[in-house]
file my_file.txt (compact mmCIF, C-alpha atoms)
# COMPACT_ATOMS: atom_id res chain seq x y z
CA MET A 1 3.08 5.50 -9.83
CA SER A 2 1.76 2.46 -7.95
CA GLU A 3 5.33 1.30 -7.34
CA ILE A 4 5.92 4.58 -5.48
CA PHE A 5 2.59 5.18 -3.75
CA GLY A 6 2.10 1.55 -2.60
CA PRO A 7 5.26 1.18 -0.52
CA LEU A 8 5.04 4.85 0.53
CA SER A 9 1.53 4.25 1.92
CA GLY A 10 2.87 1.34 4.01
CA ILE A 11 5.79 3.38 5.32
CA ILE A 12 3.62 6.41 6.11
CA THR A 13 1.05 4.18 7.82
CA LEU A 14 3.71 2.54 9.96
CA VAL A 15 5.15 5.96 10.87
CA GLY A 16 1.65 7.17 11.84
CA LEU A 17 1.13 4.11 14.04
CA LEU A 18 4.56 4.54 15.65
CA VAL A 19 3.71 8.19 16.39
CA TYR A 20 0.46 6.93 17.92
CA ALA A 21 2.35 4.28 19.92
CA ARG A 22 4.69 6.97 21.28
CA SER A 23 1.68 9.06 22.27
CA VAL A 24 0.25 6.04 24.11
CA ALA A 25 3.55 5.29 25.85
CA ILE A 26 3.93 8.85 27.17
CA GLY A 27 0.32 8.90 28.36
CA SER A 28 -1.19 11.55 26.11
CA THR A 29 -3.40 9.05 24.25
CA LYS A 30 -5.72 6.52 25.91
CA PRO A 31 -6.65 3.96 23.24
CA SER A 32 -9.55 1.54 23.43
CA GLN A 33 -8.18 -1.96 24.09
CA VAL A 34 -11.08 -3.56 22.24
CA THR A 35 -10.41 -1.61 19.04
CA TRP A 36 -6.72 -2.37 18.97
CA PHE A 37 -7.10 -6.07 19.93
CA VAL A 38 -9.79 -6.62 17.28
CA TRP A 39 -7.75 -4.73 14.70
CA THR A 40 -4.54 -6.62 15.47
CA LEU A 41 -6.11 -10.06 15.22
CA ASN A 42 -7.97 -9.03 12.11
CA ALA A 43 -4.89 -7.40 10.56
CA PHE A 44 -3.11 -10.74 10.36
CA LEU A 45 -6.18 -12.36 8.80
CA LEU A 46 -6.74 -9.43 6.46
CA LEU A 47 -3.12 -9.36 5.31
CA ALA A 48 -3.25 -13.06 4.42
CA SER A 49 -6.62 -12.90 2.64
CA TYR A 50 -5.77 -9.63 0.88
CA HIS A 51 -2.57 -11.15 -0.48
CA ALA A 52 -4.42 -14.33 -1.53
CA SER A 53 -7.02 -12.18 -3.29
CA GLY A 54 -4.38 -10.60 -5.54
CA ALA A 55 -3.43 -7.33 -3.84
CA LYS A 56 0.07 -6.23 -4.81
CA GLU A 57 0.48 -2.45 -4.95
CA THR A 58 -1.87 -1.85 -2.02
CA ILE A 59 -0.62 -4.71 0.22
CA TRP A 60 1.83 -2.27 1.83
CA LEU A 61 -0.98 -0.46 3.64
CA SER A 62 -2.10 -3.74 5.20
CA ALA A 63 1.48 -4.75 6.08
CA GLY A 64 2.15 -1.38 7.75
CA TYR A 65 -1.08 -1.63 9.72
CA THR A 66 -0.36 -5.19 10.85
CA LEU A 67 3.02 -4.33 12.37
CA GLY A 68 1.89 -1.03 13.88
CA LEU A 69 -1.33 -2.45 15.31
CA PHE A 70 0.57 -5.23 17.02
CA ILE A 71 2.81 -2.69 18.77
CA ILE A 72 -0.10 -0.49 19.87
CA SER A 73 -2.16 -3.47 21.00
CA ALA A 74 0.66 -4.50 23.30
CA LEU A 75 0.80 -0.96 24.71
CA THR A 76 -2.96 -0.89 25.44
CA ILE A 77 -2.47 -3.59 28.05
CA LYS A 78 -0.73 -1.05 30.27
CA TYR A 79 -1.93 2.32 28.93
CA GLY A 80 -5.32 1.78 27.28
CA HIS A 81 -8.97 1.92 28.27
CA SER A 82 -9.63 -1.57 29.57
CA GLY A 83 -13.31 -1.15 30.33
CA TRP A 84 -15.63 -3.32 28.32
CA GLY A 85 -18.83 -1.37 27.82
CA LEU A 86 -21.83 -2.45 25.76
CA VAL A 87 -20.39 -1.03 22.51
CA ASP A 88 -17.11 -2.89 23.13
CA LYS A 89 -18.89 -6.19 23.78
CA ILE A 90 -21.07 -5.86 20.68
CA CYS A 91 -17.99 -5.14 18.56
CA LEU A 92 -16.10 -8.09 19.99
CA VAL A 93 -19.04 -10.45 19.34
CA GLY A 94 -19.31 -9.03 15.80
CA ALA A 95 -15.62 -9.62 15.19
CA ALA A 96 -15.80 -13.18 16.55
CA ALA A 97 -18.81 -13.91 14.34
CA GLY A 98 -16.87 -12.63 11.33
CA VAL A 99 -13.88 -14.86 12.08
CA LEU A 100 -16.21 -17.85 12.49
CA LEU A 101 -17.87 -17.12 9.13
CA TRP A 102 -14.47 -16.90 7.49
CA TRP A 103 -13.36 -20.20 9.02
CA VAL A 104 -16.58 -21.99 7.96
CA THR A 105 -16.51 -20.82 4.32
CA GLY A 106 -12.76 -20.92 3.60
CA SER A 107 -13.22 -18.60 0.59
CA SER A 108 -10.65 -15.81 0.14
CA LEU A 109 -13.37 -13.40 -1.06
CA THR A 110 -15.56 -14.30 1.92
CA ALA A 111 -12.52 -14.09 4.18
CA PHE A 112 -11.59 -10.68 2.79
CA SER A 113 -15.16 -9.36 3.00
CA THR A 114 -15.49 -10.67 6.55
CA SER A 115 -12.18 -9.05 7.48
CA LEU A 116 -13.43 -5.72 6.16
CA ILE A 117 -16.54 -6.02 8.32
CA ILE A 118 -14.44 -6.97 11.36
CA ASP A 119 -12.17 -3.99 10.69
CA LEU A 120 -15.17 -1.69 10.46
CA VAL A 121 -16.73 -3.13 13.63
CA GLY A 122 -13.37 -2.78 15.40
CA ILE A 123 -13.18 0.99 14.87
CA ILE A 124 -16.57 1.69 16.48
CA PRO A 125 -15.26 1.86 20.09
CA THR A 126 -12.51 4.30 19.05
CA MET A 127 -14.94 6.43 17.04
CA TYR A 128 -17.34 6.51 19.97
CA LYS A 129 -14.58 7.31 22.47
CA THR A 130 -13.14 9.99 20.17
CA TRP A 131 -16.54 11.58 19.64
CA ILE A 132 -17.05 11.78 23.41
CA ASP A 133 -13.52 12.93 24.30
CA PRO A 134 -11.41 13.93 21.26
CA VAL A 135 -8.44 15.06 23.36
CA GLU A 136 -7.63 11.43 24.21
CA GLU A 137 -6.48 10.81 20.64
CA ASP A 138 -3.28 11.94 18.95
CA LYS A 139 -4.05 14.36 16.09
CA THR A 140 -0.69 14.01 14.37
CA SER A 141 -0.82 10.24 14.10
CA TRP A 142 -4.37 10.23 12.71
CA VAL A 143 -3.44 12.82 10.05
CA ILE A 144 -0.39 10.72 9.06
CA LEU A 145 -2.61 7.62 8.87
CA LEU A 146 -5.03 9.51 6.64
CA ILE A 147 -2.18 10.45 4.31
CA GLY A 148 -1.12 6.78 4.21
CA GLY A 149 -4.67 5.81 3.24
CA VAL A 150 -4.80 8.41 0.47
CA PHE A 151 -1.44 7.23 -0.88
CA SER A 152 -2.78 3.67 -0.93
CA LEU A 153 -5.74 4.87 -3.00
CA LEU A 154 -3.29 6.51 -5.40
CA ALA A 155 -1.45 3.17 -5.73
CA ILE A 156 -4.49 1.37 -7.11
CA GLU A 157 -4.01 0.37 -10.73
CA GLU A 158 -7.11 -1.77 -11.13
CA TRP A 159 -10.23 -0.49 -9.38
CA ASN A 160 -12.25 -3.51 -8.31
CA PHE A 161 -13.91 -4.46 -5.03
CA ILE A 162 -11.11 -6.62 -3.67
CA ILE A 163 -8.29 -4.21 -4.45
CA ALA A 164 -10.00 -0.86 -3.80
CA TRP A 165 -12.33 -1.45 -0.87
CA TYR A 166 -9.76 -1.83 1.92
CA PRO A 167 -7.81 1.37 1.15
CA LEU A 168 -11.10 3.19 0.63
CA GLN A 169 -12.51 1.94 3.94
CA VAL A 170 -9.31 2.82 5.82
CA THR A 171 -9.23 6.30 4.29
CA VAL A 172 -12.89 7.07 5.02
CA THR A 173 -12.88 5.78 8.61
CA THR A 174 -9.58 7.55 9.32
CA ALA A 175 -10.98 10.78 7.86
CA ILE A 176 -13.91 10.50 10.28
CA ILE A 177 -11.52 10.08 13.23
CA VAL A 178 -9.51 13.08 12.00
CA TRP A 179 -12.70 15.12 11.86
CA PHE A 180 -13.58 14.01 15.40
CA VAL A 181 -10.16 14.90 16.87
CA PHE A 182 -10.16 18.35 15.30
CA ARG A 183 -13.75 19.31 16.12
CA LYS A 184 -14.44 21.60 19.03
CA LYS A 185 -15.74 19.66 21.99
CA LYS A 186 -19.09 20.98 23.10
CA ILE A 187 -18.79 22.26 26.65
CA VAL A 188 -21.92 21.86 28.75
CA THR A 189 -22.28 24.28 31.63
CA VAL A 190 -24.60 23.86 34.57
CA GLN A 191 -26.42 27.01 35.68
call {"tool": "encode", "arguments": {"input": "my_file.txt", "output": "structure tokens"}}
result
Amino acid sequence: MSEIFGPLSGIITLVGLLVYARSVAIGSTKPSQVTWFVWTLNAFLLLASYHASGAKETIWLSAGYTLGLFIISALTIKYGHSGWGLVDKICLVGAAAGVLLWWVTGSSLTAFSTSLIIDLVGIIPTMYKTWIDPVEEDKTSWVILLIGGVFSLLAIEEWNFIIAWYPLQVTVTTAIIVWFVFRKKKIVTVQ
């Protein structure tokens, strides 16, 4: 089953990101530049360290994300939120610190672990933005990305930290975003 679910997770993930990119290009989604820049830089590092750490069946998720993130990151230059608030700055510093730690140690396990932390730090601005204003995110693309994450989990043959953590992290964080975009926004009225 891993031969089916692995590549399928990469294809579904790329489709979800292309749907998201279309939503950005037509103006219905306003992504956080910080999130997508951090994710894109990290995606290349994560793909390399994940492959070096022995990922085979689940590498497709990372490959799909790397290509899709690059496209969306380019679109955020024109269509994204370019403001750098406190949360954005903290996330960027956290990501830079992670890359520095990776470079200093040179270990693939340290590199992979650092990449996971960078990836997690990178989603904070989007989670925050989506919590505040869920209509600025594309529901369809996030649901497709969640399906891609679940398929990557189904592709895992050997459950160990290095192989399982990335698909698990992607699936959980994406599920949170999906919950945020489908929740009813609390309307505050002034009397």
call {"tool": "residues_around", "arguments": {"input": "my_file.txt", "residues": "Pro134 of chain A", "least_positions_apart": "6", "cutoff": "8 Å", "atoms": "all atoms listed in the file", "output": "MDAnalysis selection string"}}
result
chainID A and resid 180:183 185
call {"tool": "atom_distance", "arguments": {"input": "my_file.txt", "atom1": "atom CA of Ile117 of chain A", "atom2": "atom CA of Phe70 of chain A"}}
result
19.2 Å
call {"tool": "closest_residue", "arguments": {"input": "my_file.txt", "among": "A:Ile12, A:Val178, A:Leu17, A:Ile4", "to": "Trp131 of chain A", "atoms": "only C-alpha atoms"}}
result
A:Val178
call {"tool": "closest_atom_pairs", "arguments": {"input": "my_file.txt", "of": "segment 59-97 of chain A", "to": "segment 153-167 of chain A", "cutoff": "10 Å", "atoms": "all atoms listed in the file", "output": "tab-separated table"}}
result
residue	atom	partner	partner_atom	distance
A:Ile59	CA	A:Ile163	CA	9.0
A:Trp60	CA	A:Ala155	CA	9.9
A:Leu61	CA	A:Pro167	CA	7.5
A:Ser62	CA	A:Tyr166	CA	8.5
call {"tool": "atom_distance", "arguments": {"input": "my_file.txt", "atom1": "atom CA of Leu41 of chain A", "atom2": "atom CA of Ile72 of chain A"}}
result
12.2 Å
call {"tool": "residues_near_point", "arguments": {"input": "my_file.txt", "point": "(-14.4, -4.3, 11.6)", "cutoff": "12 Å", "atoms": "all atoms listed in the file", "output": "MDAnalysis selection string"}}
result
chainID A and resid 34:43 45:46 88 90:99 112:126 166 169:170 173
call {"tool": "atom_distance", "arguments": {"input": "my_file.txt", "atom1": "atom CA of Leu145 of chain A", "atom2": "atom CA of Leu86 of chain A"}}
result
27.5 Å
call {"tool": "residues_around", "arguments": {"input": "my_file.txt", "residues": "Asp138 of chain A", "least_positions_apart": "2", "cutoff": "10 Å", "atoms": "all atoms listed in the file", "output": "list in words"}}
result
Gly16, Val19, Tyr20, Ala21, Arg22, Ser23, Val24, Ser28, Thr29, Lys30, Pro31, Pro134, Val135, Glu136, Thr140, Ser141, Trp142, Val143, Val178 and Val181 of chain A
call {"tool": "residues_around", "arguments": {"input": "my_file.txt", "residues": "Leu168 of chain A", "least_positions_apart": "6", "cutoff": "9 Å", "atoms": "all atoms listed in the file", "output": "PyMOL selection string"}}
result
chain A and resi 149-150+152-153
call {"tool": "residues_near_point", "arguments": {"input": "my_file.txt", "point": "(6.5, 3.5, 3.7)", "cutoff": "10 Å", "atoms": "only C-alpha atoms", "output": "JSON, numbers by chain"}}
result
{"A": [4, 5, 6, 7, 8, 9, 10, 11, 12, 13, 14, 15, 60, 61, 63, 64, 148, 151]}
call {"tool": "build_atoms", "arguments": {"input": "my_file.txt", "residues": "segment 161-172 of chain A", "atoms": "all heavy atoms", "output": "PDB file, in the coordinates of the input"}}
result
ATOM      1  N   PHE A 161     -13.529  -4.350  -6.438  1.00  0.00           N
ATOM      2  CA  PHE A 161     -13.910  -4.460  -5.030  1.00  0.00           C
ATOM      3  C   PHE A 161     -12.756  -4.923  -4.154  1.00  0.00           C
ATOM      4  O   PHE A 161     -12.435  -4.309  -3.141  1.00  0.00           O
ATOM      5  CB  PHE A 161     -15.107  -5.399  -4.862  1.00  0.00           C
ATOM      6  CG  PHE A 161     -15.395  -5.746  -3.424  1.00  0.00           C
ATOM      7  CD1 PHE A 161     -16.023  -4.827  -2.594  1.00  0.00           C
ATOM      8  CD2 PHE A 161     -15.010  -6.961  -2.892  1.00  0.00           C
ATOM      9  CE1 PHE A 161     -16.278  -5.123  -1.264  1.00  0.00           C
ATOM     10  CE2 PHE A 161     -15.266  -7.275  -1.555  1.00  0.00           C
ATOM     11  CZ  PHE A 161     -15.903  -6.352  -0.752  1.00  0.00           C
ATOM     12  N   ILE A 162     -12.127  -6.018  -4.532  1.00  0.00           N
ATOM     13  CA  ILE A 162     -11.110  -6.620  -3.670  1.00  0.00           C
ATOM     14  C   ILE A 162      -9.912  -5.697  -3.486  1.00  0.00           C
ATOM     15  O   ILE A 162      -9.392  -5.560  -2.385  1.00  0.00           O
ATOM     16  CB  ILE A 162     -10.676  -7.992  -4.216  1.00  0.00           C
ATOM     17  CG1 ILE A 162     -11.834  -8.962  -4.080  1.00  0.00           C
ATOM     18  CG2 ILE A 162      -9.443  -8.507  -3.506  1.00  0.00           C
ATOM     19  CD1 ILE A 162     -11.565 -10.347  -4.556  1.00  0.00           C
ATOM     20  N   ILE A 163      -9.482  -5.047  -4.539  1.00  0.00           N
ATOM     21  CA  ILE A 163      -8.290  -4.210  -4.450  1.00  0.00           C
ATOM     22  C   ILE A 163      -8.607  -2.847  -3.827  1.00  0.00           C
ATOM     23  O   ILE A 163      -7.850  -2.339  -3.004  1.00  0.00           O
ATOM     24  CB  ILE A 163      -7.653  -4.013  -5.848  1.00  0.00           C
ATOM     25  CG1 ILE A 163      -7.282  -5.373  -6.456  1.00  0.00           C
ATOM     26  CG2 ILE A 163      -6.457  -3.082  -5.775  1.00  0.00           C
ATOM     27  CD1 ILE A 163      -6.332  -6.208  -5.637  1.00  0.00           C
ATOM     28  N   ALA A 164      -9.724  -2.249  -4.186  1.00  0.00           N
ATOM     29  CA  ALA A 164     -10.000  -0.860  -3.800  1.00  0.00           C
ATOM     30  C   ALA A 164     -10.704  -0.703  -2.456  1.00  0.00           C
ATOM     31  O   ALA A 164     -10.544   0.319  -1.798  1.00  0.00           O
ATOM     32  CB  ALA A 164     -10.827  -0.177  -4.885  1.00  0.00           C
ATOM     33  N   TRP A 165     -11.475  -1.674  -2.039  1.00  0.00           N
ATOM     34  CA  TRP A 165     -12.330  -1.450  -0.870  1.00  0.00           C
ATOM     35  C   TRP A 165     -11.538  -1.201   0.420  1.00  0.00           C
ATOM     36  O   TRP A 165     -11.871  -0.320   1.189  1.00  0.00           O
ATOM     37  CB  TRP A 165     -13.324  -2.592  -0.671  1.00  0.00           C
ATOM     38  CG  TRP A 165     -14.349  -2.202   0.352  1.00  0.00           C
ATOM     39  CD1 TRP A 165     -14.379  -2.558   1.669  1.00  0.00           C
ATOM     40  CD2 TRP A 165     -15.445  -1.318   0.165  1.00  0.00           C
ATOM     41  NE1 TRP A 165     -15.432  -1.967   2.306  1.00  0.00           N
ATOM     42  CE2 TRP A 165     -16.113  -1.189   1.391  1.00  0.00           C
ATOM     43  CE3 TRP A 165     -15.935  -0.607  -0.947  1.00  0.00           C
ATOM     44  CZ2 TRP A 165     -17.234  -0.397   1.556  1.00  0.00           C
ATOM     45  CZ3 TRP A 165     -17.054   0.174  -0.776  1.00  0.00           C
ATOM     46  CH2 TRP A 165     -17.691   0.269   0.466  1.00  0.00           C
ATOM     47  N   TYR A 166     -10.510  -1.994   0.673  1.00  0.00           N
ATOM     48  CA  TYR A 166      -9.760  -1.830   1.920  1.00  0.00           C
ATOM     49  C   TYR A 166      -9.118  -0.441   2.029  1.00  0.00           C
ATOM     50  O   TYR A 166      -9.321   0.253   3.029  1.00  0.00           O
ATOM     51  CB  TYR A 166      -8.714  -2.942   2.086  1.00  0.00           C
ATOM     52  CG  TYR A 166      -7.897  -2.807   3.359  1.00  0.00           C
ATOM     53  CD1 TYR A 166      -8.508  -2.922   4.608  1.00  0.00           C
ATOM     54  CD2 TYR A 166      -6.540  -2.553   3.320  1.00  0.00           C
ATOM     55  CE1 TYR A 166      -7.771  -2.779   5.782  1.00  0.00           C
ATOM     56  CE2 TYR A 166      -5.799  -2.423   4.478  1.00  0.00           C
ATOM     57  CZ  TYR A 166      -6.422  -2.534   5.706  1.00  0.00           C
ATOM     58  OH  TYR A 166      -5.693  -2.393   6.857  1.00  0.00           O
ATOM     59  N   PRO A 167      -8.357   0.017   1.027  1.00  0.00           N
ATOM     60  CA  PRO A 167      -7.810   1.370   1.150  1.00  0.00           C
ATOM     61  C   PRO A 167      -8.899   2.438   1.255  1.00  0.00           C
ATOM     62  O   PRO A 167      -8.740   3.423   1.983  1.00  0.00           O
ATOM     63  CB  PRO A 167      -6.987   1.563  -0.135  1.00  0.00           C
ATOM     64  CG  PRO A 167      -6.763   0.213  -0.672  1.00  0.00           C
ATOM     65  CD  PRO A 167      -7.867  -0.659  -0.171  1.00  0.00           C
ATOM     66  N   LEU A 168      -9.999   2.232   0.561  1.00  0.00           N
ATOM     67  CA  LEU A 168     -11.100   3.190   0.630  1.00  0.00           C
ATOM     68  C   LEU A 168     -11.714   3.216   2.028  1.00  0.00           C
ATOM     69  O   LEU A 168     -11.946   4.281   2.607  1.00  0.00           O
ATOM     70  CB  LEU A 168     -12.159   2.839  -0.424  1.00  0.00           C
ATOM     71  CG  LEU A 168     -13.280   3.833  -0.623  1.00  0.00           C
ATOM     72  CD1 LEU A 168     -12.740   5.189  -1.050  1.00  0.00           C
ATOM     73  CD2 LEU A 168     -14.264   3.308  -1.658  1.00  0.00           C
ATOM     74  N   GLN A 169     -11.944   2.032   2.597  1.00  0.00           N
ATOM     75  CA  GLN A 169     -12.510   1.940   3.940  1.00  0.00           C
ATOM     76  C   GLN A 169     -11.580   2.565   4.976  1.00  0.00           C
ATOM     77  O   GLN A 169     -12.014   3.331   5.843  1.00  0.00           O
ATOM     78  CB  GLN A 169     -12.794   0.485   4.299  1.00  0.00           C
ATOM     79  CG  GLN A 169     -13.366   0.301   5.694  1.00  0.00           C
ATOM     80  CD  GLN A 169     -13.805  -1.130   5.926  1.00  0.00           C
ATOM     81  OE1 GLN A 169     -14.593  -1.667   5.178  1.00  0.00           O
ATOM     82  NE2 GLN A 169     -13.272  -1.756   6.963  1.00  0.00           N
ATOM     83  N   VAL A 170     -10.295   2.264   4.881  1.00  0.00           N
ATOM     84  CA  VAL A 170      -9.310   2.820   5.820  1.00  0.00           C
ATOM     85  C   VAL A 170      -9.286   4.349   5.708  1.00  0.00           C
ATOM     86  O   VAL A 170      -9.289   5.054   6.720  1.00  0.00           O
ATOM     87  CB  VAL A 170      -7.904   2.236   5.557  1.00  0.00           C
ATOM     88  CG1 VAL A 170      -6.823   3.052   6.251  1.00  0.00           C
ATOM     89  CG2 VAL A 170      -7.840   0.784   6.013  1.00  0.00           C
ATOM     90  N   THR A 171      -9.288   4.855   4.495  1.00  0.00           N
ATOM     91  CA  THR A 171      -9.230   6.300   4.290  1.00  0.00           C
ATOM     92  C   THR A 171     -10.470   6.998   4.825  1.00  0.00           C
ATOM     93  O   THR A 171     -10.373   8.017   5.523  1.00  0.00           O
ATOM     94  CB  THR A 171      -9.030   6.618   2.786  1.00  0.00           C
ATOM     95  OG1 THR A 171      -7.852   5.945   2.336  1.00  0.00           O
ATOM     96  CG2 THR A 171      -8.878   8.107   2.547  1.00  0.00           C
ATOM     97  N   VAL A 172     -11.647   6.444   4.553  1.00  0.00           N
ATOM     98  CA  VAL A 172     -12.890   7.070   5.020  1.00  0.00           C
ATOM     99  C   VAL A 172     -12.997   7.031   6.542  1.00  0.00           C
ATOM    100  O   VAL A 172     -13.296   8.043   7.180  1.00  0.00           O
ATOM    101  CB  VAL A 172     -14.125   6.422   4.349  1.00  0.00           C
ATOM    102  CG1 VAL A 172     -15.417   6.871   5.016  1.00  0.00           C
ATOM    103  CG2 VAL A 172     -14.152   6.742   2.855  1.00  0.00           C
TER     104      VAL A 172
END
